[in-house]
Amino acid sequence: MGNCIVPYCDGPKNTNVRWTLPAVCFVWQTAMVILFGAFVRYNKEVDAHWPETKIHENITSDIENDFYFRYPSFQDVHVMIFVGFGFLMTFMKRYSFGAVGFNFLIAAFGIQWALLMQGWFHHIDSTDGMIKIGVENLINADFCVASCLIAFGAVLGKVSPVQLMVMTLFEVTLFAVEEYIILNLIHANDAGGSMVIHAFGAYFGLAVSWVLYRPNLKESSQLNGSVYHSDVFAMIGTLFLWMFWPSFNSAICKHGDGQHRAAINTYLSLAATVLTTFAISSLFQKHGKLDMVHIQNSTLAGGVAVGTAAEFMLMPYGSLIVGFFCGLISTLGYIYLTPFMERKLKIQDTCGIHNLHGMPGVIGGIVGAISAAAQSTSFKDDFKHRTPAVQGGYQAAAMCIAVSFGIGGGILVGLILRMPLWGDPTDDNCFDDEVYWEVPEEEDSADPVLQYNNHTVVNKHAEV
Amino acid sequence: MGNCIVPYCDGPKNTNVRWTLPAVCFVWQTAMVILFGAFVRYNKEVDAHWPETKIHENITSDIENDFYFRYPSFQDVHVMIFVGFGFLMTFMKRYSFGAVGFNFLIAAFGIQWALLMQGWFHHIDSTDGMIKIGVENLINADFCVASCLIAFGAVLGKVSPVQLMVMTLFEVTLFAVEEYIILNLIHANDAGGSMVIHAFGAYFGLAVSWVLYRPNLKESSQLNGSVYHSDVFAMIGTLFLWMFWPSFNSAICKHGDGQHRAAINTYLSLAATVLTTFAISSLFQKHGKLDMVHIQNSTLAGGVAVGTAAEFMLMPYGSLIVGFFCGLISTLGYIYLTPFMERKLKIQDTCGIHNLHGMPGVIGGIVGAISAAAQSTSFKDDFKHRTPAVQGGYQAAAMCIAVSFGIGGGILVGLILRMPLWGDPTDDNCFDDEVYWEVPEEEDSADPVLQYNNHTVVNKHAEV
Amino acid sequence: MGNCIVPYCDGPKNTNVRWTLPAVCFVWQTAMVILFGAFVRYNKEVDAHWPETKIHENITSDIENDFYFRYPSFQDVHVMIFVGFGFLMTFMKRYSFGAVGFNFLIAAFGIQWALLMQGWFHHIDSTDGMIKIGVENLINADFCVASCLIAFGAVLGKVSPVQLMVMTLFEVTLFAVEEYIILNLIHANDAGGSMVIHAFGAYFGLAVSWVLYRPNLKESSQLNGSVYHSDVFAMIGTLFLWMFWPSFNSAICKHGDGQHRAAINTYLSLAATVLTTFAISSLFQKHGKLDMVHIQNSTLAGGVAVGTAAEFMLMPYGSLIVGFFCGLISTLGYIYLTPFMERKLKIQDTCGIHNLHGMPGVIGGIVGAISAAAQSTSFKDDFKHRTPAVQGGYQAAAMCIAVSFGIGGGILVGLILRMPLWGDPTDDNCFDDEVYWEVPEEEDSADPVLQYNNHTVVNKHAEV
């Protein structure tokens, strides 16, 4: 690193996270150990004493353990969280380490904290006051973390890993409260989390980004874009999200037809979204050329929007209609809304989460309210014996709560993140892995590509 | 895009798909919505009214829903379709967007159209005339799309997305007819689709490529090759296809031992193929160096060839023998047959699908016929009470039908695709993402790292 | 290849594997066919005659076939073996083909040989002397191969594919013996293979690397490092290993709570490891910058270390504690121990397997011994009616056996690999795909990397 010639290669002093990042990681992980020791135990399907109790549970053999009916869904969701979200954000030319690495860090912390927070709200065993966990808790923890990773998309490249850890701590906490209100107090249905996960996470992230607005960011904008291979990496994320979304929306549905239906509805909605995304992307570009940003992101909007209603009798054509309009709206959002939001509303949304999670999440809430109101009596248990119309009203209320929580919480947390002690990058440092990562082989030109250019330059000189 | 210096960077006028691509996507997706509205409903395991009917079905609990015994297989197949086929084709230096993107587009359209076409042939509920879908239909739709993606491999880089959509429309239609004849009229067995999917898809694609022959293609041949990292991307596709092929061949087998056996036979056949592929690749290259093209493709031939017979009592060593010879034949095909076909038969096969799907598919049909003829009485239900020898004859007939349908259909569809309204690329434009995609950072020195360096150099100059 | 200008581009004569590699592949694959023909049959859940026997087995329907309760775990493990290990090793700038390709080759051979070796030791049917295989055998074969791939990590880039095949042949054989001693004679528990797989594989690989020590290796050290995109490729391997590790550790556990518990313990341990790895990586680097080597590898140490004890009642906080310390120790190992081992002990460990598998494997054995000694009576069947304390002693003994077998076997096999007939690369050739692979586009300069070479030439000319 001797002859460092570009101004930002080592970064100014304030981006040094050598003490803050280890401190945050150690303290929080130690806290997790202590809290898990005090509060978390296995539930009865996980505990070795289960054989003695299963007679009372009408479970006739070990293979009826819920593990076998949830774990494959869990693994699909797990892939979405770590590979899906992680690689979707690798599209930038010099922020792939940060995208996939920080995604890994905050998800690994978030799932532990979510097990605790969601446990306290939902899984306290009244006999001993302990949180009892099983495979379904792992799925719910992944769901909670998904909302944090959505918010990460809005601030990608503009915050330090310490800020991300702080943001995750607060967002998981708020998520658990919001989830409790929507699912347990209002008794809204939200199988795939259109409202609870996507709308909340997106508006939270946008609010944070609004508070952290950087007016001079365009100076580092030369790094705010993709290169050929980074766009291919991002497609790994896109495809794993797209393929496993049916598992996401059906993962915690009721066994049997509910889970089956949620998977099929999501599958159909996503298929329709792809076609309308390609259509709009081509129609609104010069020369009809497709834009990778749209293909990477808007093709997923149908999965978000069908989340709340996936378990309902939405019907196959209903799912297609939802997907049809989401591909359209989301792609138009990338073309018109994102630039508008940056210029006029001072919201810099790196990954365009408003188009992928925000608007589709709200649409999902509305679709959920309408389809709840249109359900037959089969769902009366889910609706707590309300009439479908009344349930539709509650669904709409839930959607408003999710968005409000997101915006309010995001502003609050954004203000915390503005405190000058988290090592955030300067405007020049944004979207650059150099700040927080040892990037291979900078100075001695061992990277062939650098050589390439040196070579070009040499040639030019030779010509002169 | 100001100082565009290469002649094809914006593309000649006829490659502009700004109106045709959106039109095709919108019209066809709208048609899907209408047709699904008119014809498609949930089957009884998906429908919310199922609890009332399950007593009649001998299903004792929600966890006996077929979802739990098919969905993991479905997800593996789904990964093969979107990541497997998509990334396998990213090997070219400048066609990775097209490979993974168009694969995504035509698969997303194909699965919808396949649900309808296969539904009309196989899943009409006689009580109300509706197509009733469940998780098994999703698998079959993915299977049908696989044949379209195989054909895509032959024309990769030489056709427009509009042509691909047209091709998919017709190929899915033909597939459904061919599948109906082979499975329902002839009553051949074809668990993994060696004949129905692979042989049909491959000869269809080759016929299309023959009709669309481009005599002057070698001019753009500098783009018809790989770079280091694109070969690594392609290995993602190879490995996900290879790993999940046991799920592919067993996905729609009968529950129990049939599914178990199909998975094991496929696993063994694929393992053997890898060794013989490496052997031939090294033996026939100068200096014994391995060729990535062989490793990426021929290692998969064993999965194709064991498809028909996978459910039979092929025995572990039988599977190994099939894999052994397929690796050998497929790799030799890449070395000798593909160049011969291009020179003499005027068939340009971009991905070498004849070696990966064509020949192995035919071998699979033959292996299926032989092993059917050698089965014991355990399969008498599958064989419609024919003797094994007679069934073997029917299997062979099925194979001929698949190949004939492929060639005939391919010629027909090829002629449709030659009509001058689909925006296909000129010879100069082939294998180049520039034609249909916004490729990042074209004019100002392409790769960021270069940029970075140019910038450095400029700075240095400035300092001087 | 006409104007070959760099000294190693074609490689010296002795690296030509044109006859040895095909010979090894053909002979061994032929041997597999013959041995499978003589010894391997389907077990009764795979065999078509199973329906007649299942009445005696208390299996009431086809969906109780073990396939449905093991196959999803098998597929996850399969992904770890081929994509996980394969891509984890692609981090080097010019050895990605070798990493993912040779990983593919030796795994495909290893699983066949492991089915035989493990079959002879564990799955002989006494009625007919045949090895009877089912889905659980496939998992065990993948496990065995994992130990070979771990050892591959130590010698990555320094051996020929022929050497790797020879190493795999012997290592699988030794593994089966070691596994038999530990599981069937000593009756130790080792669900996730901390001892049997990881400690054995790591010390085996390190011993081989020690015997094959290359004192002048630093001369080719310019290739022994990563480039930006190769580090992103390696993260694909890391994440698929990390996500599916709960499936690995639970894959062959007893049905029901045991499998459920193993998955949850592993999930928690891995989550904790991520945070401590990030902490140490930042704390010990200049400027607090994170090192991709640590993130790619040390984040996985928690999965290794919890392997033996995963099935026990380790408790959620116990798993977190194990993960906490493993992230810490493993990362410190990369910073201090790996350089020390290379300088002082003459052990060149390319991937740092001692930090990822060696130390965490030993820790896993110790944790297993301690937690076995602390178990309640629920495990008395697993412990063969020994007291928990006695079982703890046997567990510790098993760990010593695994390490001893690894070191002893590794030295022996290392001596065999030193024989001058396997086409191993010279020191100059190490870490370079050029030796065994046709690397794309050398002469015509379309690719930057080509330029690299050209540039070298220019420099040389300049020196002249």
# chains A, B, ... in the order shown; residues from 1 in each chain; ligands from 1
call {"tool": "closest_atom_pairs", "arguments": {"of": "chain A", "to": "chain B", "cutoff": "7 Å", "atoms": "only C-alpha atoms", "output": "tab-separated table"}}
result
residue	atom	partner	partner_atom	distance
A:Ile5	CA	B:Thr456	CA	6.9
A:Val6	CA	B:Thr456	CA	6.5
A:Phe69	CA	B:Tyr68	CA	6.5
A:Pro72	CA	B:Pro72	CA	6.7
A:Lys93	CA	B:Pro448	CA	6.7
A:Ser226	CA	B:Pro440	CA	6.2
A:Val227	CA	B:Pro440	CA	5.6
A:Tyr228	CA	B:Pro440	CA	6.3
A:Val232	CA	B:Phe97	CA	6.9
A:Leu239	CA	B:Val83	CA	6.6
A:Met243	CA	B:His78	CA	6.5
A:His255	CA	B:Asp62	CA	5.7
A:Gly256	CA	B:Asp62	CA	4.4
A:Asp257	CA	B:Val46	CA	4.5
A:His260	CA	B:Val46	CA	5.5
A:Arg261	CA	B:Val46	CA	5.2
A:Ala271	CA	B:Ala108	CA	4.8
A:Ala272	CA	B:Gln29	CA	6.6
A:Val274	CA	B:Leu105	CA	6.4
A:Leu275	CA	B:Cys25	CA	5.4
A:Thr276	CA	B:Phe26	CA	6.4
A:Ala279	CA	B:Pro22	CA	3.9
A:Ile280	CA	B:Pro22	CA	6.6
A:Ser282	CA	B:Arg18	CA	5.5
A:Leu283	CA	B:Arg18	CA	5.2
A:His287	CA	B:Asn16	CA	5.7
A:Gly288	CA	B:Arg18	CA	3.7
A:Lys289	CA	B:Trp437	CA	4.6
A:Leu290	CA	B:Trp437	CA	4.6
A:Asp291	CA	B:Glu438	CA	5.4
A:Met315	CA	B:Arg41	CA	6.6
A:Pro316	CA	B:Arg41	CA	6.5
A:Tyr317	CA	B:Gly37	CA	5.0
A:Leu320	CA	B:Val33	CA	6.0
A:Ile321	CA	B:Val33	CA	6.5
A:Ser378	CA	B:Ala48	CA	6.5
A:Val449	CA	B:Val449	CA	6.5
A:Leu450	CA	B:Leu450	CA	5.8
A:Asn453	CA	B:Leu450	CA	5.4
call {"tool": "write_last_selection", "arguments": {"atoms": "N, CA, C and O atoms", "output": "compact mmCIF listing (two decimals), in the first residue's frame"}}
result
# COMPACT_ATOMS: atom_id res chain seq x y z
N ILE A 5 -1.90 6.26 -4.49
CA ILE A 5 -2.02 7.43 -5.35
C ILE A 5 -3.42 7.98 -5.51
O ILE A 5 -3.60 9.11 -5.89
N VAL A 6 -4.41 7.17 -5.21
CA VAL A 6 -5.76 7.73 -5.30
C VAL A 6 -6.17 8.25 -3.95
O VAL A 6 -5.82 7.67 -2.93
N PHE A 69 -41.69 -31.34 7.85
CA PHE A 69 -42.69 -30.62 7.07
C PHE A 69 -42.40 -29.13 7.02
O PHE A 69 -43.09 -28.37 6.36
N PRO A 72 -37.47 -28.31 4.90
CA PRO A 72 -37.15 -27.96 3.50
C PRO A 72 -37.54 -26.52 3.17
O PRO A 72 -36.81 -25.81 2.48
N LYS A 93 -19.88 -2.15 -9.08
CA LYS A 93 -18.57 -2.54 -9.59
C LYS A 93 -17.55 -2.78 -8.50
O LYS A 93 -16.69 -3.64 -8.64
N SER A 226 -22.66 -0.66 -12.31
CA SER A 226 -22.24 -2.05 -12.39
C SER A 226 -21.15 -2.22 -13.43
O SER A 226 -20.85 -1.33 -14.21
N VAL A 227 -20.51 -3.38 -13.41
CA VAL A 227 -19.70 -3.84 -14.54
C VAL A 227 -20.31 -5.16 -15.01
O VAL A 227 -21.19 -5.72 -14.36
N TYR A 228 -19.82 -5.64 -16.11
CA TYR A 228 -20.45 -6.79 -16.75
C TYR A 228 -20.59 -7.98 -15.80
O TYR A 228 -21.68 -8.50 -15.59
N VAL A 232 -23.77 -10.16 -13.59
CA VAL A 232 -24.04 -11.60 -13.63
C VAL A 232 -24.09 -12.17 -12.21
O VAL A 232 -24.94 -13.00 -11.88
N LEU A 239 -32.15 -14.92 -9.08
CA LEU A 239 -32.76 -16.22 -9.39
C LEU A 239 -33.04 -17.04 -8.15
O LEU A 239 -34.09 -17.66 -8.04
N MET A 243 -36.76 -18.22 -7.41
CA MET A 243 -37.11 -19.64 -7.39
C MET A 243 -37.67 -20.08 -6.05
O MET A 243 -38.57 -20.91 -5.98
N HIS A 255 -50.42 -26.38 7.69
CA HIS A 255 -50.12 -27.60 6.94
C HIS A 255 -51.24 -27.93 5.97
O HIS A 255 -52.40 -27.62 6.21
N GLY A 256 -50.88 -28.59 4.93
CA GLY A 256 -51.88 -29.10 3.99
C GLY A 256 -52.18 -28.13 2.88
O GLY A 256 -51.27 -27.55 2.29
N ASP A 257 -53.47 -27.93 2.61
CA ASP A 257 -53.84 -27.14 1.44
C ASP A 257 -53.35 -25.69 1.53
O ASP A 257 -53.05 -25.09 0.51
N HIS A 260 -49.78 -25.58 0.32
CA HIS A 260 -49.81 -25.95 -1.09
C HIS A 260 -50.27 -24.77 -1.96
O HIS A 260 -49.68 -24.44 -2.98
N ARG A 261 -51.32 -24.11 -1.50
CA ARG A 261 -51.93 -23.01 -2.25
C ARG A 261 -51.00 -21.80 -2.29
O ARG A 261 -50.84 -21.15 -3.32
N ALA A 271 -44.20 -15.66 -12.23
CA ALA A 271 -44.04 -15.92 -13.66
C ALA A 271 -44.59 -14.76 -14.48
O ALA A 271 -43.98 -14.30 -15.45
N ALA A 272 -45.77 -14.27 -14.07
CA ALA A 272 -46.38 -13.16 -14.81
C ALA A 272 -45.52 -11.90 -14.71
O ALA A 272 -45.38 -11.14 -15.68
N VAL A 274 -42.36 -11.56 -14.59
CA VAL A 274 -41.20 -11.57 -15.46
C VAL A 274 -41.55 -11.00 -16.84
O VAL A 274 -40.83 -10.16 -17.38
N LEU A 275 -42.67 -11.41 -17.37
CA LEU A 275 -43.01 -10.97 -18.73
C LEU A 275 -43.29 -9.47 -18.78
O LEU A 275 -42.83 -8.78 -19.69
N THR A 276 -44.04 -8.95 -17.81
CA THR A 276 -44.33 -7.51 -17.88
C THR A 276 -43.09 -6.68 -17.56
O THR A 276 -42.92 -5.59 -18.09
N ALA A 279 -41.22 -6.46 -20.75
CA ALA A 279 -41.95 -5.59 -21.68
C ALA A 279 -41.68 -4.11 -21.39
O ALA A 279 -41.28 -3.35 -22.27
N ILE A 280 -41.85 -3.73 -20.14
CA ILE A 280 -41.67 -2.32 -19.79
C ILE A 280 -40.21 -1.90 -19.93
O ILE A 280 -39.89 -0.81 -20.40
N SER A 282 -37.98 -2.93 -21.98
CA SER A 282 -37.65 -2.71 -23.38
C SER A 282 -38.37 -1.49 -23.94
O SER A 282 -37.79 -0.68 -24.68
N LEU A 283 -39.62 -1.32 -23.56
CA LEU A 283 -40.45 -0.26 -24.14
C LEU A 283 -39.95 1.13 -23.77
O LEU A 283 -40.05 2.07 -24.58
N HIS A 287 -33.71 2.52 -27.98
CA HIS A 287 -33.42 1.37 -28.84
C HIS A 287 -34.02 0.06 -28.33
O HIS A 287 -33.67 -1.00 -28.81
N GLY A 288 -34.89 0.15 -27.34
CA GLY A 288 -35.54 -1.08 -26.86
C GLY A 288 -34.63 -2.04 -26.13
O GLY A 288 -34.95 -3.21 -25.97
N LYS A 289 -33.48 -1.54 -25.69
CA LYS A 289 -32.55 -2.44 -25.00
C LYS A 289 -32.97 -2.68 -23.56
O LYS A 289 -33.35 -1.74 -22.85
N LEU A 290 -32.84 -3.90 -23.11
CA LEU A 290 -33.24 -4.27 -21.76
C LEU A 290 -32.21 -3.76 -20.74
O LEU A 290 -31.02 -3.72 -21.01
N ASP A 291 -32.71 -3.41 -19.56
CA ASP A 291 -31.83 -2.90 -18.50
C ASP A 291 -31.73 -3.95 -17.40
O ASP A 291 -32.74 -4.38 -16.84
N MET A 315 -57.06 -17.77 -6.35
CA MET A 315 -57.24 -18.39 -7.66
C MET A 315 -56.03 -18.16 -8.56
O MET A 315 -55.40 -17.11 -8.49
N PRO A 316 -55.75 -19.12 -9.43
CA PRO A 316 -54.58 -18.98 -10.30
C PRO A 316 -54.59 -17.71 -11.14
O PRO A 316 -53.57 -17.02 -11.23
N TYR A 317 -55.74 -17.37 -11.71
CA TYR A 317 -55.75 -16.14 -12.54
C TYR A 317 -55.57 -14.90 -11.67
O TYR A 317 -55.00 -13.90 -12.11
N LEU A 320 -51.95 -14.38 -11.28
CA LEU A 320 -51.35 -13.85 -12.51
C LEU A 320 -51.61 -12.35 -12.64
O LEU A 320 -50.74 -11.58 -13.06
N ILE A 321 -52.82 -11.93 -12.29
CA ILE A 321 -53.16 -10.51 -12.41
C ILE A 321 -52.28 -9.68 -11.47
O ILE A 321 -51.75 -8.63 -11.85
N SER A 378 -64.57 -20.84 4.60
CA SER A 378 -63.50 -21.78 4.97
C SER A 378 -62.48 -21.19 5.91
O SER A 378 -61.72 -21.91 6.55
N VAL A 449 -6.38 -7.05 -15.05
CA VAL A 449 -7.16 -5.99 -15.67
C VAL A 449 -6.46 -4.65 -15.55
O VAL A 449 -6.48 -3.82 -16.46
N LEU A 450 -5.81 -4.49 -14.42
CA LEU A 450 -5.05 -3.24 -14.28
C LEU A 450 -3.94 -3.20 -15.32
O LEU A 450 -3.73 -2.20 -16.00
N ASN A 453 -4.78 -2.00 -18.62
CA ASN A 453 -4.85 -0.58 -18.84
C ASN A 453 -3.47 0.06 -18.89
O ASN A 453 -3.20 0.89 -19.72
call {"tool": "calpha_fit_rmsd", "arguments": {"fixed": "chain A", "moving": "chain B"}}
result
2.2 Å
call {"tool": "residues_around", "arguments": {"residues": "segment 189-199 of chain A", "least_positions_apart": "2", "cutoff": "8 Å", "atoms": "only C-alpha atoms", "output": "tab-separated table (two decimals) with N, CA, C and O atoms, in the first residue's frame"}}
result
chain	number	residue	atom	x	y	z
A	143	PHE	N	-37.36	-14.54	8.50
A	143	PHE	CA	-38.32	-13.56	7.98
A	143	PHE	C	-38.01	-12.16	8.54
A	143	PHE	O	-38.00	-11.17	7.81
A	144	CYS	N	-37.78	-12.12	9.85
A	144	CYS	CA	-37.49	-10.84	10.49
A	144	CYS	C	-36.24	-10.21	9.89
A	144	CYS	O	-36.21	-9.01	9.57
A	146	ALA	N	-35.10	-10.66	6.98
A	146	ALA	CA	-35.37	-10.20	5.61
A	146	ALA	C	-35.71	-8.72	5.61
A	146	ALA	O	-35.26	-7.96	4.74
A	147	SER	N	-36.49	-8.27	6.62
A	147	SER	CA	-36.85	-6.85	6.63
A	147	SER	C	-35.62	-5.98	6.86
A	147	SER	O	-35.54	-4.86	6.33
A	150	ILE	N	-33.76	-5.80	3.50
A	150	ILE	CA	-34.45	-4.88	2.59
A	150	ILE	C	-34.00	-3.45	2.88
A	150	ILE	O	-33.64	-2.70	1.97
A	175	PHE	N	-39.47	-4.59	14.60
A	175	PHE	CA	-40.17	-5.60	13.82
A	175	PHE	C	-41.02	-6.48	14.73
A	175	PHE	O	-42.18	-6.77	14.44
A	178	GLU	N	-44.07	-4.60	15.91
A	178	GLU	CA	-45.01	-4.43	14.79
A	178	GLU	C	-45.68	-5.74	14.43
A	178	GLU	O	-46.90	-5.82	14.24
A	179	GLU	N	-44.90	-6.82	14.38
A	179	GLU	CA	-45.44	-8.14	14.06
A	179	GLU	C	-46.46	-8.57	15.09
A	179	GLU	O	-47.52	-9.11	14.77
A	182	ILE	N	-49.70	-6.60	14.58
A	182	ILE	CA	-50.46	-6.97	13.38
A	182	ILE	C	-51.01	-8.39	13.46
A	182	ILE	O	-52.17	-8.64	13.13
A	183	LEU	N	-50.19	-9.33	13.91
A	183	LEU	CA	-50.66	-10.72	13.90
A	183	LEU	C	-51.44	-11.10	15.14
A	183	LEU	O	-52.42	-11.84	15.07
A	187	HIS	N	-54.99	-9.43	14.56
A	187	HIS	CA	-55.30	-10.71	13.92
A	187	HIS	C	-55.45	-10.58	12.41
A	187	HIS	O	-56.39	-11.12	11.83
A	201	GLY	N	-40.10	-3.09	6.12
A	201	GLY	CA	-38.66	-3.01	5.87
A	201	GLY	C	-38.31	-1.93	4.87
A	201	GLY	O	-37.34	-1.19	5.04
A	202	ALA	N	-39.11	-1.81	3.82
A	202	ALA	CA	-38.80	-0.83	2.78
A	202	ALA	C	-38.95	0.59	3.30
A	202	ALA	O	-38.06	1.43	3.12
A	203	TYR	N	-40.08	0.89	3.96
A	203	TYR	CA	-40.26	2.27	4.42
A	203	TYR	C	-39.31	2.61	5.56
A	203	TYR	O	-38.88	3.75	5.70
A	248	PHE	N	-40.89	-19.21	0.54
A	248	PHE	CA	-40.95	-18.09	1.49
A	248	PHE	C	-42.40	-17.83	1.89
A	248	PHE	O	-42.75	-17.77	3.06
A	249	ASN	N	-43.26	-17.67	0.88
A	249	ASN	CA	-44.66	-17.31	1.17
A	249	ASN	C	-45.45	-18.44	1.80
A	249	ASN	O	-46.48	-18.21	2.42
A	250	SER	N	-44.97	-19.69	1.62
A	250	SER	CA	-45.73	-20.82	2.17
A	250	SER	C	-45.10	-21.39	3.43
A	250	SER	O	-45.67	-22.30	4.04
A	252	ILE	N	-44.65	-20.67	6.60
A	252	ILE	CA	-45.31	-20.79	7.91
A	252	ILE	C	-46.83	-20.90	7.78
A	252	ILE	O	-47.57	-20.70	8.75
A	253	CYS	N	-47.32	-21.19	6.57
A	253	CYS	CA	-48.76	-21.43	6.40
A	253	CYS	C	-49.17	-22.68	7.16
A	253	CYS	O	-48.35	-23.50	7.53
A	304	VAL	N	-43.50	-10.41	-3.76
A	304	VAL	CA	-43.81	-9.53	-2.64
A	304	VAL	C	-45.31	-9.27	-2.56
A	304	VAL	O	-45.93	-9.39	-1.50
A	305	ALA	N	-45.89	-8.95	-3.71
A	305	ALA	CA	-47.27	-8.47	-3.70
A	305	ALA	C	-48.29	-9.56	-3.44
A	305	ALA	O	-49.43	-9.28	-3.08
A	306	VAL	N	-47.91	-10.81	-3.64
A	306	VAL	CA	-48.86	-11.89	-3.42
A	306	VAL	C	-48.70	-12.46	-2.01
A	306	VAL	O	-49.44	-13.37	-1.62
A	307	GLY	N	-47.79	-11.87	-1.24
A	307	GLY	CA	-47.46	-12.44	0.06
A	307	GLY	C	-48.64	-12.56	1.01
A	307	GLY	O	-48.91	-13.63	1.55
A	308	THR	N	-49.36	-11.47	1.22
A	308	THR	CA	-50.45	-11.51	2.19
A	308	THR	C	-51.56	-12.45	1.76
A	308	THR	O	-52.10	-13.22	2.56
A	309	ALA	N	-51.89	-12.42	0.47
A	309	ALA	CA	-53.04	-13.18	-0.01
A	309	ALA	C	-52.70	-14.59	-0.45
A	309	ALA	O	-53.59	-15.34	-0.86
A	310	ALA	N	-51.42	-14.97	-0.37
A	310	ALA	CA	-51.00	-16.25	-0.96
A	310	ALA	C	-51.78	-17.43	-0.38
A	310	ALA	O	-52.10	-18.38	-1.10
A	311	GLU	N	-52.10	-17.36	0.91
A	311	GLU	CA	-52.77	-18.50	1.53
A	311	GLU	C	-54.27	-18.51	1.22
A	311	GLU	O	-54.94	-19.53	1.39
A	357	HIS	N	-39.80	-3.61	-2.94
A	357	HIS	CA	-40.45	-4.03	-1.70
A	357	HIS	C	-41.51	-3.04	-1.21
A	357	HIS	O	-42.51	-3.44	-0.64
A	358	GLY	N	-41.28	-1.76	-1.42
A	358	GLY	CA	-42.18	-0.75	-0.88
A	358	GLY	C	-43.54	-0.79	-1.57
A	358	GLY	O	-44.54	-1.18	-0.96
A	359	MET	N	-43.59	-0.37	-2.83
A	359	MET	CA	-44.87	-0.37	-3.55
A	359	MET	C	-45.49	-1.76	-3.63
A	359	MET	O	-46.68	-1.92	-3.34
A	360	PRO	N	-44.72	-2.79	-4.01
A	360	PRO	CA	-45.35	-4.12	-4.05
A	360	PRO	C	-45.86	-4.57	-2.69
A	360	PRO	O	-46.88	-5.26	-2.61
A	361	GLY	N	-45.18	-4.17	-1.61
A	361	GLY	CA	-45.65	-4.53	-0.28
A	361	GLY	C	-47.00	-3.90	0.02
A	361	GLY	O	-47.91	-4.56	0.56
A	362	VAL	N	-47.14	-2.63	-0.35
A	362	VAL	CA	-48.42	-1.95	-0.13
A	362	VAL	C	-49.50	-2.57	-1.02
A	362	VAL	O	-50.63	-2.82	-0.56
A	364	GLY	N	-49.53	-5.56	-1.97
A	364	GLY	CA	-49.82	-6.84	-1.33
A	364	GLY	C	-50.80	-6.69	-0.19
A	364	GLY	O	-51.72	-7.51	-0.02
A	365	GLY	N	-50.64	-5.63	0.60
A	365	GLY	CA	-51.57	-5.38	1.69
A	365	GLY	C	-52.98	-5.13	1.18
A	365	GLY	O	-53.96	-5.66	1.73
A	368	GLY	N	-54.43	-8.28	-0.19
A	368	GLY	CA	-54.80	-9.11	0.95
A	368	GLY	C	-56.12	-8.68	1.55
A	368	GLY	O	-56.99	-9.53	1.86
A	382	ASP	N	-59.34	-18.66	10.82
A	382	ASP	CA	-58.26	-17.68	10.67
A	382	ASP	C	-58.74	-16.27	10.96
A	382	ASP	O	-57.98	-15.41	11.36
A	395	GLN	N	-57.37	-6.02	7.80
A	395	GLN	CA	-56.17	-6.19	6.97
A	395	GLN	C	-55.64	-4.83	6.51
A	395	GLN	O	-54.43	-4.57	6.53
A	398	ALA	N	-53.92	-3.06	9.22
A	398	ALA	CA	-52.59	-3.64	9.47
A	398	ALA	C	-51.57	-3.04	8.52
A	398	ALA	O	-50.43	-2.75	8.91
A	399	MET	N	-51.99	-2.84	7.29
A	399	MET	CA	-51.06	-2.30	6.30
A	399	MET	C	-50.61	-0.89	6.69
A	399	MET	O	-49.42	-0.57	6.58
A	402	ALA	N	-48.07	-1.10	9.45
A	402	ALA	CA	-46.74	-1.52	9.00
A	402	ALA	C	-45.98	-0.35	8.39
A	402	ALA	O	-44.80	-0.12	8.70
A	403	VAL	N	-46.64	0.41	7.52
A	403	VAL	CA	-45.97	1.54	6.88
A	403	VAL	C	-45.61	2.61	7.91
A	403	VAL	O	-44.49	3.16	7.90
A	406	GLY	N	-42.72	1.58	9.93
A	406	GLY	CA	-41.51	1.66	9.11
A	406	GLY	C	-40.99	3.08	9.04
A	406	GLY	O	-39.81	3.35	9.33
call {"tool": "select_by_dssp", "arguments": {"residues": "segment 267-457 of chain C", "states": "helix (DSSP H, G or I)", "output": "MDAnalysis selection string"}}
result
chainID C and resid 267:283 286:288 292:305 316:344 353:373 377:379 388:417 427:429 433:435 448:457
